[in-house]
file structure.pdb (PDB, C-alpha atoms and all ligand atoms)
ATOM      1  CA  MET A   1       0.000   0.000   0.000
ATOM      2  CA  LEU A   2       2.696   2.347   1.086
ATOM      3  CA  ARG A   3       4.835   1.337  -1.923
ATOM      4  CA  LEU A   4       1.914   1.835  -4.307
ATOM      5  CA  ASN A   5       1.175   5.277  -2.900
ATOM      6  CA  ARG A   6       4.772   6.251  -3.307
ATOM      7  CA  ARG A   7       4.770   5.088  -6.892
ATOM      8  CA  ILE A   8       1.590   7.027  -7.675
ATOM      9  CA  PHE A   9       3.007  10.074  -5.925
ATOM     10  CA  ALA A  10       6.219   9.836  -7.980
ATOM     11  CA  SER A  11       4.311   9.606 -11.276
ATOM     12  CA  VAL A  12       2.108  12.559 -10.329
ATOM     13  CA  LEU A  13       5.239  14.554  -9.565
ATOM     14  CA  ALA A  14       6.898  13.564 -12.858
ATOM     15  CA  LEU A  15       3.723  14.408 -14.777
ATOM     16  CA  SER A  16       3.318  17.797 -13.167
ATOM     17  CA  ALA A  17       7.015  18.584 -13.806
ATOM     18  CA  ALA A  18       6.555  17.680 -17.478
ATOM     19  CA  PHE A  19       3.588  20.056 -17.751
ATOM     20  CA  ALA A  20       5.185  22.726 -15.604
ATOM     21  CA  ALA A  21       8.351  23.106 -17.688
ATOM     22  CA  PRO A  22       6.752  24.240 -20.986
ATOM     23  CA  ALA A  23       4.197  26.321 -19.060
ATOM     24  CA  MET A  24       7.027  28.012 -17.171
ATOM     25  CA  ALA A  25       8.964  28.583 -20.390
ATOM     26  CA  GLN A  26       5.957  30.292 -21.962
ATOM     27  CA  SER A  27       5.486  32.715 -19.099
ATOM     28  CA  TYR A  28       9.216  33.179 -18.558
ATOM     29  CA  PRO A  29      10.335  35.709 -17.517
ATOM     30  CA  SER A  30       7.516  37.044 -15.404
ATOM     31  CA  ARG A  31       9.739  39.077 -13.082
ATOM     32  CA  PRO A  32      13.223  40.674 -13.208
ATOM     33  CA  ILE A  33      16.203  38.420 -13.798
ATOM     34  CA  THR A  34      19.371  38.984 -11.760
ATOM     35  CA  VAL A  35      22.769  38.508 -13.400
ATOM     36  CA  ILE A  36      25.475  38.089 -10.791
ATOM     37  CA  VAL A  37      28.864  39.575 -11.639
ATOM     38  CA  PRO A  38      31.437  37.987  -9.329
ATOM     39  CA  PHE A  39      33.555  41.166  -9.267
ATOM     40  CA  ALA A  40      33.063  44.773  -8.153
ATOM     41  CA  ALA A  41      31.270  47.360 -10.288
ATOM     42  CA  GLY A  42      33.287  49.330 -12.826
ATOM     43  CA  GLY A  43      35.504  46.457 -13.979
ATOM     44  CA  PRO A  44      35.516  44.592 -17.293
ATOM     45  CA  THR A  45      33.182  41.745 -16.302
ATOM     46  CA  ASP A  46      30.753  44.344 -14.999
ATOM     47  CA  THR A  47      31.010  46.361 -18.229
ATOM     48  CA  VAL A  48      30.360  43.302 -20.415
ATOM     49  CA  ALA A  49      27.517  42.132 -18.156
ATOM     50  CA  ARG A  50      25.715  45.488 -18.150
ATOM     51  CA  LEU A  51      25.787  45.731 -21.944
ATOM     52  CA  VAL A  52      24.599  42.136 -22.363
ATOM     53  CA  ALA A  53      21.934  42.412 -19.628
ATOM     54  CA  GLU A  54      20.430  45.543 -21.142
ATOM     55  CA  ALA A  55      20.183  44.012 -24.625
ATOM     56  CA  MET A  56      18.901  40.641 -23.344
ATOM     57  CA  GLY A  57      16.228  42.469 -21.378
ATOM     58  CA  ARG A  58      14.917  43.964 -24.624
ATOM     59  CA  ASP A  59      14.548  40.528 -26.176
ATOM     60  CA  LEU A  60      12.991  39.055 -23.028
ATOM     61  CA  SER A  61      10.628  42.043 -22.603
ATOM     62  CA  GLY A  62      11.668  42.322 -18.989
ATOM     63  CA  SER A  63      14.417  43.724 -16.910
ATOM     64  CA  VAL A  64      17.731  41.992 -16.408
ATOM     65  CA  VAL A  65      19.588  43.575 -13.518
ATOM     66  CA  VAL A  66      23.253  43.213 -12.604
ATOM     67  CA  GLU A  67      24.271  42.469  -9.025
ATOM     68  CA  ASN A  68      27.951  42.682  -8.083
ATOM     69  CA  VAL A  69      29.082  39.985  -5.657
ATOM     70  CA  GLY A  70      32.847  40.455  -5.676
ATOM     71  CA  GLY A  71      35.540  38.782  -3.613
ATOM     72  CA  ALA A  72      37.735  35.688  -3.362
ATOM     73  CA  GLY A  73      38.791  35.793  -7.022
ATOM     74  CA  GLY A  74      35.236  35.488  -8.330
ATOM     75  CA  THR A  75      34.282  32.442  -6.237
ATOM     76  CA  LEU A  76      31.789  34.220  -3.953
ATOM     77  CA  GLY A  77      29.517  35.299  -6.788
ATOM     78  CA  ALA A  78      29.823  31.923  -8.482
ATOM     79  CA  GLN A  79      28.882  30.191  -5.230
ATOM     80  CA  ARG A  80      25.837  32.451  -4.800
ATOM     81  CA  THR A  81      24.673  31.477  -8.301
ATOM     82  CA  ALA A  82      25.335  27.750  -7.911
ATOM     83  CA  GLN A  83      23.274  27.785  -4.707
ATOM     84  CA  ALA A  84      20.396  29.894  -6.081
ATOM     85  CA  ARG A  85      17.018  28.436  -7.082
ATOM     86  CA  PRO A  86      17.399  26.965 -10.578
ATOM     87  CA  ASP A  87      14.430  28.889 -11.948
ATOM     88  CA  GLY A  88      16.080  31.153 -14.521
ATOM     89  CA  TYR A  89      15.924  34.243 -12.304
ATOM     90  CA  THR A  90      19.525  34.084 -11.071
ATOM     91  CA  LEU A  91      22.303  33.912 -13.663
ATOM     92  CA  LEU A  92      26.060  34.430 -13.671
ATOM     93  CA  ILE A  93      28.427  36.159 -16.066
ATOM     94  CA  HIS A  94      31.939  35.006 -15.334
ATOM     95  CA  HIS A  95      35.209  34.731 -17.241
ATOM     96  CA  ILE A  96      38.079  32.307 -17.760
ATOM     97  CA  GLY A  97      38.088  31.809 -13.965
ATOM     98  CA  MET A  98      35.326  29.234 -14.591
ATOM     99  CA  SER A  99      38.119  27.104 -16.137
ATOM    100  CA  THR A 100      40.940  27.797 -13.698
ATOM    101  CA  ILE A 101      39.044  27.897 -10.380
ATOM    102  CA  PRO A 102      38.111  24.158 -10.475
ATOM    103  CA  THR A 103      41.859  23.367 -10.194
ATOM    104  CA  LEU A 104      43.136  26.455  -8.363
ATOM    105  CA  TYR A 105      40.721  26.047  -5.449
ATOM    106  CA  ARG A 106      40.783  22.612  -3.832
ATOM    107  CA  ARG A 107      38.157  23.454  -1.196
ATOM    108  CA  LEU A 108      35.025  25.226  -2.373
ATOM    109  CA  ALA A 109      31.533  25.301  -0.893
ATOM    110  CA  TYR A 110      30.021  24.715  -4.365
ATOM    111  CA  ASP A 111      30.681  22.518  -7.369
ATOM    112  CA  PRO A 112      32.615  24.815  -9.783
ATOM    113  CA  VAL A 113      31.677  22.803 -12.879
ATOM    114  CA  GLY A 114      28.705  20.559 -12.040
ATOM    115  CA  GLY A 115      26.909  23.393 -10.243
ATOM    116  CA  PHE A 116      26.083  25.240 -13.488
ATOM    117  CA  GLU A 117      24.244  25.002 -16.783
ATOM    118  CA  PRO A 118      26.188  26.899 -19.470
ATOM    119  CA  VAL A 119      24.015  29.219 -21.573
ATOM    120  CA  GLY A 120      26.621  30.469 -24.042
ATOM    121  CA  LEU A 121      29.929  32.181 -24.653
ATOM    122  CA  ILE A 122      29.862  35.978 -24.951
ATOM    123  CA  THR A 123      33.211  37.409 -25.982
ATOM    124  CA  GLU A 124      36.996  37.061 -25.882
ATOM    125  CA  VAL A 125      38.854  40.113 -24.614
ATOM    126  CA  PRO A 126      42.546  41.075 -24.919
ATOM    127  CA  MET A 127      44.561  42.184 -21.898
ATOM    128  CA  THR A 128      46.818  45.220 -21.531
ATOM    129  CA  ILE A 129      49.846  45.779 -19.323
ATOM    130  CA  ILE A 130      49.396  49.166 -17.667
ATOM    131  CA  GLY A 131      51.046  51.202 -14.926
ATOM    132  CA  LYS A 132      50.430  54.297 -12.817
ATOM    133  CA  ARG A 133      51.040  57.577 -14.613
ATOM    134  CA  ASN A 134      54.248  58.560 -12.906
ATOM    135  CA  LEU A 135      55.963  55.191 -13.238
ATOM    136  CA  PRO A 136      59.444  56.007 -14.574
ATOM    137  CA  ALA A 137      59.271  53.713 -17.612
ATOM    138  CA  ASN A 138      58.328  54.972 -21.073
ATOM    139  CA  ASN A 139      57.923  51.637 -22.837
ATOM    140  CA  LEU A 140      57.850  47.906 -22.180
ATOM    141  CA  GLN A 141      61.625  47.506 -22.358
ATOM    142  CA  GLU A 142      62.110  50.235 -19.755
ATOM    143  CA  LEU A 143      59.366  48.665 -17.645
ATOM    144  CA  VAL A 144      61.118  45.299 -17.704
ATOM    145  CA  THR A 145      64.384  46.941 -16.585
ATOM    146  CA  LEU A 146      62.613  48.936 -13.872
ATOM    147  CA  VAL A 147      60.702  45.937 -12.505
ATOM    148  CA  ARG A 148      63.823  43.749 -12.428
ATOM    149  CA  ARG A 149      65.797  46.474 -10.648
ATOM    150  CA  GLU A 150      63.074  47.626  -8.225
ATOM    151  CA  ARG A 151      61.279  44.315  -7.678
ATOM    152  CA  GLN A 152      60.990  44.894  -3.893
ATOM    153  CA  ASN A 153      59.286  48.257  -4.395
ATOM    154  CA  ILE A 154      56.896  47.516  -7.278
ATOM    155  CA  ASN A 155      53.469  46.053  -6.623
ATOM    156  CA  LEU A 156      50.881  44.516  -8.878
ATOM    157  CA  ALA A 157      47.114  44.908  -8.455
ATOM    158  CA  ASN A 158      44.701  42.084  -9.237
ATOM    159  CA  ALA A 159      41.186  40.847  -8.532
ATOM    160  CA  GLY A 160      42.227  37.886  -6.359
ATOM    161  CA  VAL A 161      43.486  34.374  -6.988
ATOM    162  CA  GLY A 162      41.825  32.963 -10.091
ATOM    163  CA  ALA A 163      41.081  36.380 -11.563
ATOM    164  CA  ALA A 164      42.181  37.178 -15.096
ATOM    165  CA  SER A 165      44.447  39.929 -13.794
ATOM    166  CA  HIS A 166      46.014  37.381 -11.450
ATOM    167  CA  LEU A 167      46.707  34.962 -14.325
ATOM    168  CA  CYS A 168      48.156  37.705 -16.503
ATOM    169  CA  GLY A 169      50.234  38.942 -13.564
ATOM    170  CA  LEU A 170      51.630  35.435 -13.042
ATOM    171  CA  LEU A 171      52.624  35.239 -16.703
ATOM    172  CA  PHE A 172      54.225  38.687 -16.483
ATOM    173  CA  GLN A 173      56.228  37.787 -13.368
ATOM    174  CA  SER A 174      57.346  34.454 -14.773
ATOM    175  CA  ALA A 175      58.371  36.076 -18.094
ATOM    176  CA  LEU A 176      60.564  38.489 -16.095
ATOM    177  CA  GLY A 177      61.710  35.925 -13.540
ATOM    178  CA  VAL A 178      60.573  38.091 -10.604
ATOM    179  CA  GLN A 179      58.117  37.808  -7.763
ATOM    180  CA  LEU A 180      56.271  41.010  -6.960
ATOM    181  CA  THR A 181      53.993  41.951  -4.099
ATOM    182  CA  THR A 182      50.415  41.561  -5.283
ATOM    183  CA  VAL A 183      47.493  43.615  -4.009
ATOM    184  CA  PRO A 184      44.129  41.842  -4.344
ATOM    185  CA  TYR A 185      40.822  43.714  -4.836
ATOM    186  CA  ARG A 186      37.181  42.621  -5.160
ATOM    187  CA  GLY A 187      37.437  43.415  -8.848
ATOM    188  CA  THR A 188      39.585  45.468 -11.179
ATOM    189  CA  GLY A 189      37.137  48.408 -11.013
ATOM    190  CA  PRO A 190      38.442  49.435  -7.556
ATOM    191  CA  ALA A 191      41.961  48.288  -8.510
ATOM    192  CA  MET A 192      41.882  50.714 -11.449
ATOM    193  CA  ASN A 193      40.829  53.564  -9.126
ATOM    194  CA  ASP A 194      43.941  52.931  -7.047
ATOM    195  CA  LEU A 195      46.158  52.644 -10.116
ATOM    196  CA  VAL A 196      44.858  55.976 -11.418
ATOM    197  CA  GLY A 197      45.352  57.422  -7.916
ATOM    198  CA  GLY A 198      48.910  56.072  -7.860
ATOM    199  CA  THR A 199      48.509  53.828  -4.784
ATOM    200  CA  VAL A 200      49.462  50.700  -6.765
ATOM    201  CA  ASP A 201      52.029  50.465  -9.540
ATOM    202  CA  LEU A 202      51.036  47.919 -12.170
ATOM    203  CA  MET A 203      48.125  45.878 -13.455
ATOM    204  CA  CYS A 204      47.303  43.616 -16.371
ATOM    205  CA  ASP A 205      43.629  43.830 -17.238
ATOM    206  CA  GLN A 206      41.056  43.524 -20.001
ATOM    207  CA  THR A 207      40.704  46.263 -22.611
ATOM    208  CA  THR A 208      37.040  46.576 -21.593
ATOM    209  CA  ASN A 209      38.368  48.180 -18.412
ATOM    210  CA  THR A 210      41.552  49.856 -19.597
ATOM    211  CA  THR A 211      40.792  51.397 -23.012
ATOM    212  CA  GLU A 212      39.183  54.583 -21.746
ATOM    213  CA  GLN A 213      41.830  55.145 -19.061
ATOM    214  CA  ILE A 214      44.579  54.644 -21.647
ATOM    215  CA  ARG A 215      42.948  57.110 -24.049
ATOM    216  CA  ALA A 216      42.488  59.633 -21.235
ATOM    217  CA  ASN A 217      46.149  59.235 -20.253
ATOM    218  CA  SER A 218      45.142  58.386 -16.688
ATOM    219  CA  VAL A 219      47.475  55.383 -16.777
ATOM    220  CA  ARG A 220      50.588  54.382 -18.737
ATOM    221  CA  ALA A 221      50.017  51.634 -21.279
ATOM    222  CA  TYR A 222      52.886  49.311 -22.199
ATOM    223  CA  ALA A 223      51.476  46.543 -24.372
ATOM    224  CA  VAL A 224      48.450  44.610 -25.533
ATOM    225  CA  THR A 225      48.468  40.816 -25.335
ATOM    226  CA  THR A 226      47.147  40.083 -28.848
ATOM    227  CA  PRO A 227      49.220  38.826 -31.827
ATOM    228  CA  THR A 228      48.419  42.047 -33.739
ATOM    229  CA  ARG A 229      47.649  45.632 -32.676
ATOM    230  CA  LEU A 230      44.065  46.657 -31.892
ATOM    231  CA  ALA A 231      42.121  49.072 -34.105
ATOM    232  CA  SER A 232      40.764  50.652 -30.904
ATOM    233  CA  LEU A 233      44.271  51.399 -29.521
ATOM    234  CA  PRO A 234      46.422  51.616 -32.659
ATOM    235  CA  ASP A 235      49.435  53.222 -30.951
ATOM    236  CA  LEU A 236      49.795  50.508 -28.344
ATOM    237  CA  PRO A 237      52.372  47.869 -29.360
ATOM    238  CA  THR A 238      51.788  44.164 -28.856
ATOM    239  CA  ALA A 239      53.849  42.535 -26.107
ATOM    240  CA  ASN A 240      55.414  40.477 -28.887
ATOM    241  CA  GLU A 241      56.731  43.480 -30.822
ATOM    242  CA  ALA A 242      57.644  45.429 -27.668
ATOM    243  CA  GLY A 243      60.040  42.765 -26.442
ATOM    244  CA  MET A 244      58.086  40.010 -24.681
ATOM    245  CA  PRO A 245      57.722  37.382 -27.407
ATOM    246  CA  GLY A 246      54.912  34.876 -26.956
ATOM    247  CA  PHE A 247      53.159  36.934 -24.265
ATOM    248  CA  GLU A 248      49.618  36.396 -25.544
ATOM    249  CA  VAL A 249      46.511  36.152 -23.348
ATOM    250  CA  SER A 250      42.828  36.569 -24.025
ATOM    251  CA  ILE A 251      40.013  36.322 -21.517
ATOM    252  CA  TRP A 252      36.616  34.931 -22.411
ATOM    253  CA  HIS A 253      33.277  35.609 -20.716
ATOM    254  CA  GLY A 254      30.306  33.242 -20.539
ATOM    255  CA  LEU A 255      26.732  33.156 -19.238
ATOM    256  CA  TYR A 256      25.538  30.456 -16.779
ATOM    257  CA  ALA A 257      22.486  29.370 -14.809
ATOM    258  CA  PRO A 258      22.409  27.137 -11.729
ATOM    259  CA  LYS A 259      22.358  23.376 -12.387
ATOM    260  CA  GLY A 260      18.807  22.100 -12.750
ATOM    261  CA  THR A 261      17.428  25.174 -14.536
ATOM    262  CA  PRO A 262      14.774  23.844 -16.972
ATOM    263  CA  THR A 263      16.087  23.205 -20.491
ATOM    264  CA  GLU A 264      13.349  25.376 -22.010
ATOM    265  CA  VAL A 265      14.516  28.320 -19.916
ATOM    266  CA  ILE A 266      18.161  27.752 -20.877
ATOM    267  CA  THR A 267      17.138  27.631 -24.561
ATOM    268  CA  ARG A 268      15.182  30.875 -24.183
ATOM    269  CA  LEU A 269      18.118  32.554 -22.443
ATOM    270  CA  SER A 270      20.518  31.419 -25.119
ATOM    271  CA  ARG A 271      18.220  32.928 -27.763
ATOM    272  CA  ALA A 272      18.178  36.192 -25.826
ATOM    273  CA  LEU A 273      21.975  36.089 -25.542
ATOM    274  CA  GLN A 274      22.293  35.621 -29.303
ATOM    275  CA  PHE A 275      19.916  38.552 -29.821
ATOM    276  CA  ALA A 276      22.066  40.686 -27.511
ATOM    277  CA  LEU A 277      25.261  39.753 -29.350
ATOM    278  CA  ARG A 278      23.719  40.852 -32.676
ATOM    279  CA  ASP A 279      22.631  44.196 -31.261
ATOM    280  CA  PRO A 280      24.395  46.935 -33.300
ATOM    281  CA  GLY A 281      24.810  49.193 -30.250
ATOM    282  CA  LEU A 282      26.425  46.412 -28.232
ATOM    283  CA  VAL A 283      28.680  45.401 -31.143
ATOM    284  CA  ARG A 284      29.845  49.007 -31.572
ATOM    285  CA  ARG A 285      30.551  49.426 -27.864
ATOM    286  CA  PHE A 286      32.414  46.095 -27.706
ATOM    287  CA  GLN A 287      34.536  47.112 -30.711
ATOM    288  CA  ASP A 288      35.314  50.453 -29.143
ATOM    289  CA  LEU A 289      36.558  48.554 -26.086
ATOM    290  CA  GLY A 290      38.835  46.302 -28.131
ATOM    291  CA  THR A 291      36.643  43.229 -28.408
ATOM    292  CA  GLU A 292      33.689  41.793 -30.294
ATOM    293  CA  PRO A 293      30.918  39.270 -29.648
ATOM    294  CA  VAL A 294      31.648  35.623 -30.463
ATOM    295  CA  ALA A 295      29.995  33.988 -33.488
ATOM    296  CA  GLN A 296      26.341  33.143 -32.818
ATOM    297  CA  GLU A 297      26.908  29.380 -32.816
ATOM    298  CA  ARG A 298      29.283  29.757 -29.867
ATOM    299  CA  ALA A 299      26.605  31.529 -27.822
ATOM    300  CA  THR A 300      24.747  28.245 -27.284
ATOM    301  CA  PRO A 301      24.624  25.806 -24.328
ATOM    302  CA  ASP A 302      26.192  22.863 -26.197
ATOM    303  CA  ALA A 303      28.988  24.833 -27.810
ATOM    304  CA  HIS A 304      29.855  26.550 -24.549
ATOM    305  CA  ARG A 305      29.690  23.286 -22.564
ATOM    306  CA  ALA A 306      32.233  21.723 -24.968
ATOM    307  CA  PHE A 307      34.471  24.816 -25.021
ATOM    308  CA  TRP A 308      34.381  25.149 -21.228
ATOM    309  CA  ALA A 309      35.146  21.446 -20.604
ATOM    310  CA  ALA A 310      38.128  21.615 -22.965
ATOM    311  CA  ASP A 311      39.369  24.787 -21.258
ATOM    312  CA  VAL A 312      39.108  23.251 -17.755
ATOM    313  CA  ALA A 313      41.144  20.292 -19.086
ATOM    314  CA  ARG A 314      43.671  22.658 -20.702
ATOM    315  CA  TRP A 315      44.321  24.604 -17.478
ATOM    316  CA  ARG A 316      44.362  21.635 -15.037
ATOM    317  CA  PRO A 317      47.873  20.317 -15.870
ATOM    318  CA  VAL A 318      49.256  23.852 -16.174
ATOM    319  CA  ILE A 319      48.096  24.811 -12.662
ATOM    320  CA  GLN A 320      49.036  21.439 -11.167
ATOM    321  CA  ALA A 321      52.524  21.641 -12.650
ATOM    322  CA  ALA A 322      52.964  25.164 -11.284
ATOM    323  CA  GLY A 323      51.670  24.014  -7.883
ATOM    324  CA  GLN A 324      50.024  27.427  -7.511
ATOM    325  CA  PHE A 325      46.870  26.626  -5.561
ATOM    326  CA  ALA A 326      44.645  29.213  -3.920
ATOM    327  CA  ASP A 327      44.265  27.299  -0.650
TER     328      ASP A 327
HETATM  329  N1  LIG B   1      39.236  41.896 -14.691
HETATM  330  C1  LIG B   1      39.006  41.231 -13.475
HETATM  331  C2  LIG B   1      39.878  40.039 -13.363
HETATM  332  O1  LIG B   1      41.016  40.299 -13.231
HETATM  333  C3  LIG B   1      37.688  41.035 -12.931
HETATM  334  C4  LIG B   1      36.745  42.156 -13.064
HETATM  335  O2  LIG B   1      36.696  43.066 -12.244
HETATM  336  O3  LIG B   1      35.999  42.083 -14.006
HETATM  337  O4  LIG B   1      39.479  38.913 -13.336
END
call {"tool": "encode", "arguments": {"input": "structure.pdb", "output": "structure tokens"}}
result
Amino acid sequence: MLRLNRRIFASVLALSAAFAAPAMAQSYPSRPITVIVPFAAGGPTDTVARLVAEAMGRDLSGSVVVENVGGAGGTLGAQRTAQARPDGYTLLIHHIGMSTIPTLYRRLAYDPVGGFEPVGLITEVPMTIIGKRNLPANNLQELVTLVRRERQNINLANAGVGAASHLCGLLFQSALGVQLTTVPYRGTGPAMNDLVGGTVDLMCDQTTNTTEQIRANSVRAYAVTTPTRLASLPDLPTANEAGMPGFEVSIWHGLYAPKGTPTEVITRLSRALQFALRDPGLVRRFQDLGTEPVAQERATPDAHRAFWAADVARWRPVIQAAGQFAD
């Protein structure tokens, strides 16, 4: 009797879930969607997220609001998303940290891969090596000499272990064979404020954060980490041509929902993401900031799942060999 009741109960549940999913998808969204940015406001992830959220909101006929949950190299915001209700109303825009954090952090309160449903890739962004305005180095060669000579006195800002600025900083230090003091922030928005104010010396960060400061001469720019120069910053040499051969980094951003979010909702979100990435205003703004949206077929759950899995696998041996864990 008890077993029979349980079986009936289970089938009723399964049946109602089957009906509920399409019904939910039809009415979705019926209230504002929150996109968590796991870094402080004013940084590159925040900039990308606000542009994408605004355009997605137009396609979804609803508002998509950004909430900044910075700290611990982007793991706090990711944890908040992984532990949110999987109903399509809490999403995450994160970067390459989604690939490095699973190996960098050996103790996390959430599952850094299995805790999410990928919605799609957004963009790939170059990095720039920049310094405070009165740093006595006029170009990358002079910077290299200065950093080697003054290594005890030069510090490097970043957004915590696992952040893109942290990765780029590691590459920079290893290329120069030095170890600098690093200053972690909740995101590169506040780090940039301190760089402009002259409290920290150096940073390596995405063009979506640095382009306007470079143009305004608020910081010194030494190199961009792409194989060729950027149309948006034509005077800035590549690290390659300025004397650091092979120093190439690009940082991707993706959109995620918590694991268990209904497939219909993920499909709808992916469609809205593709709409956003076709938006002429967004494309123009991205280009002005040194980047562009990925091809539409990469802004899909399957393509991003495959890309992300391959990237996690690519970083795992690199981090393990370096023995550079966050904990
Ligand atoms: N650019 C940052 C990083 O270094 C994060 C941010 O503030 O968007 O990961």
call {"tool": "residues_around", "arguments": {"input": "structure.pdb", "residues": "region 137-149 of chain A", "least_positions_apart": "2", "cutoff": "12 Å", "atoms": "only C-alpha atoms", "output": "PyMOL selection string"}}
result
chain A and resi 128-135+151-156+172-181+201-202+219-224+235-245
call {"tool": "residues_near_ligand", "arguments": {"input": "structure.pdb", "ligand": "ligand LIG 1 (chain B)", "cutoff": "8 Å", "atoms": "all atoms listed in the file", "output": "PyMOL selection string"}}
result
chain A and resi 37-47+73-74+95+97+158-160+162-167+186-189+204-206+209
call {"tool": "resolve_selection", "arguments": {"input": "structure.pdb", "expression": "the PyMOL selection byres (((chain A and resi 274-286) around 7) and not hetatm)", "output": "ChimeraX atom specification"}}
result
/A:51-52,55-56,59,270-273,287-293,296,299
call {"tool": "atom_distance", "arguments": {"input": "structure.pdb", "atom1": "CA of Val196 (chain A)", "atom2": "CA of Ser218 (chain A)"}}
result
5.8 Å
call {"tool": "atom_distance", "arguments": {"input": "structure.pdb", "atom1": "CA of Ile251 (chain A)", "atom2": "CA of Val183 (chain A)"}}
result
20.4 Å
call {"tool": "atom_distance", "arguments": {"input": "structure.pdb", "atom1": "CA of Trp308 (chain A)", "atom2": "CA of Val161 (chain A)"}}
result
19.3 Å
call {"tool": "closest_residue", "arguments": {"input": "structure.pdb", "among": "A:Asp111, A:Glu124, A:Asp87, A:Glu117", "to": "Val48 (chain A)", "atoms": "only C-alpha atoms"}}
result
A:Glu124
call {"tool": "closest_residue", "arguments": {"input": "structure.pdb", "among": "A:Tyr105, A:Tyr256, A:Phe116, A:Tyr185", "to": "Arg316 (chain A)", "atoms": "only C-alpha atoms"}}
result
A:Tyr105
call {"tool": "closest_residue", "arguments": {"input": "structure.pdb", "among": "A:Arg50, A:Arg305, A:Arg106, A:His94", "to": "Asp327 (chain A)", "atoms": "all atoms listed in the file"}}
result
A:Arg106
call {"tool": "closest_residue", "arguments": {"input": "structure.pdb", "among": "A:Thr100, A:Thr207, A:Thr34, A:Thr300", "to": "Trp315 (chain A)", "atoms": "only C-alpha atoms"}}
result
A:Thr100
call {"tool": "resolve_selection", "arguments": {"input": "structure.pdb", "expression": "the PyMOL selection byres (((chain A and resi 60) around 9) and not hetatm)", "output": "ChimeraX atom specification"}}
result
/A:28-29,55-59,61-64,268-269,272
call {"tool": "write_last_selection", "arguments": {"input": "structure.pdb", "atoms": "C-alpha atoms", "output": "PDB file, keeping the file's coordinate frame"}}
result
ATOM      1  CA  TYR A  28       9.216  33.179 -18.558  1.00  0.00           C
ATOM      2  CA  PRO A  29      10.335  35.709 -17.517  1.00  0.00           C
ATOM      3  CA  ALA A  55      20.183  44.012 -24.625  1.00  0.00           C
ATOM      4  CA  MET A  56      18.901  40.641 -23.344  1.00  0.00           C
ATOM      5  CA  GLY A  57      16.228  42.469 -21.378  1.00  0.00           C
ATOM      6  CA  ARG A  58      14.917  43.964 -24.624  1.00  0.00           C
ATOM      7  CA  ASP A  59      14.548  40.528 -26.176  1.00  0.00           C
ATOM      8  CA  SER A  61      10.628  42.043 -22.603  1.00  0.00           C
ATOM      9  CA  GLY A  62      11.668  42.322 -18.989  1.00  0.00           C
ATOM     10  CA  SER A  63      14.417  43.724 -16.910  1.00  0.00           C
ATOM     11  CA  VAL A  64      17.731  41.992 -16.408  1.00  0.00           C
ATOM     12  CA  ARG A 268      15.182  30.875 -24.183  1.00  0.00           C
ATOM     13  CA  LEU A 269      18.118  32.554 -22.443  1.00  0.00           C
ATOM     14  CA  ALA A 272      18.178  36.192 -25.826  1.00  0.00           C
TER      15      ALA A 272
END
call {"tool": "residues_around", "arguments": {"input": "structure.pdb", "residues": "Gly115 (chain A)", "least_positions_apart": "5", "cutoff": "7 Å", "atoms": "only C-alpha atoms", "output": "number ranges by chain"}}
result
A: 82, 110, 258-259
call {"tool": "residues_around", "arguments": {"input": "structure.pdb", "residues": "Pro112 (chain A)", "least_positions_apart": "6", "cutoff": "9 Å", "atoms": "all atoms listed in the file", "output": "ChimeraX atom specification"}}
result
/A:75,78-79,82,98-99,101-102
call {"tool": "resolve_selection", "arguments": {"input": "structure.pdb", "expression": "the PyMOL selection byres (((chain A and resi 255) around 6) and not hetatm)", "output": "number ranges by chain"}}
result
A: 92-93, 119-120, 254, 256
call {"tool": "axis_aligned_box", "arguments": {"input": "structure.pdb", "around": "region 65-71 of chain A", "padding_each_side": "4 Å", "output": "AutoDock Vina command-line options"}}
result
--center_x 27.6 --center_y 41.2 --center_z -8.6 --size_x 24.0 --size_y 12.8 --size_z 17.9
call {"tool": "closest_residue", "arguments": {"input": "structure.pdb", "among": "A:Val265, A:Val125, A:Val249, A:Ala313", "to": "Val113 (chain A)", "atoms": "all atoms listed in the file"}}
result
A:Ala313
call {"tool": "closest_residue", "arguments": {"input": "structure.pdb", "among": "A:Pro126, A:Pro32, A:Pro118, A:Pro86", "to": "Thr228 (chain A)", "atoms": "all atoms listed in the file"}}
result
A:Pro126
call {"tool": "build_atoms", "arguments": {"input": "structure.pdb", "residues": "region 122-127 of chain A", "atoms": "N, CA and C atoms", "output": "CSV table (one decimal), keeping the file's coordinate frame"}}
result
chain,number,residue,atom,x,y,z
A,122,ILE,N,30.2,34.6,-24.6
A,122,ILE,CA,29.9,36.0,-25.0
A,122,ILE,C,30.9,36.6,-25.8
A,123,THR,N,32.2,36.7,-25.3
A,123,THR,CA,33.2,37.4,-26.0
A,123,THR,C,34.6,37.0,-25.5
A,124,GLU,N,35.6,37.3,-26.3
A,124,GLU,CA,37.0,37.1,-25.9
A,124,GLU,C,37.7,38.4,-25.9
A,125,VAL,N,38.3,38.8,-24.8
A,125,VAL,CA,38.9,40.1,-24.6
A,125,VAL,C,40.4,40.1,-24.4
A,126,PRO,N,41.1,41.0,-25.1
A,126,PRO,CA,42.5,41.1,-24.9
A,126,PRO,C,42.9,41.7,-23.6
A,127,MET,N,44.1,41.5,-23.1
A,127,MET,CA,44.6,42.2,-21.9
A,127,MET,C,45.6,43.3,-22.3
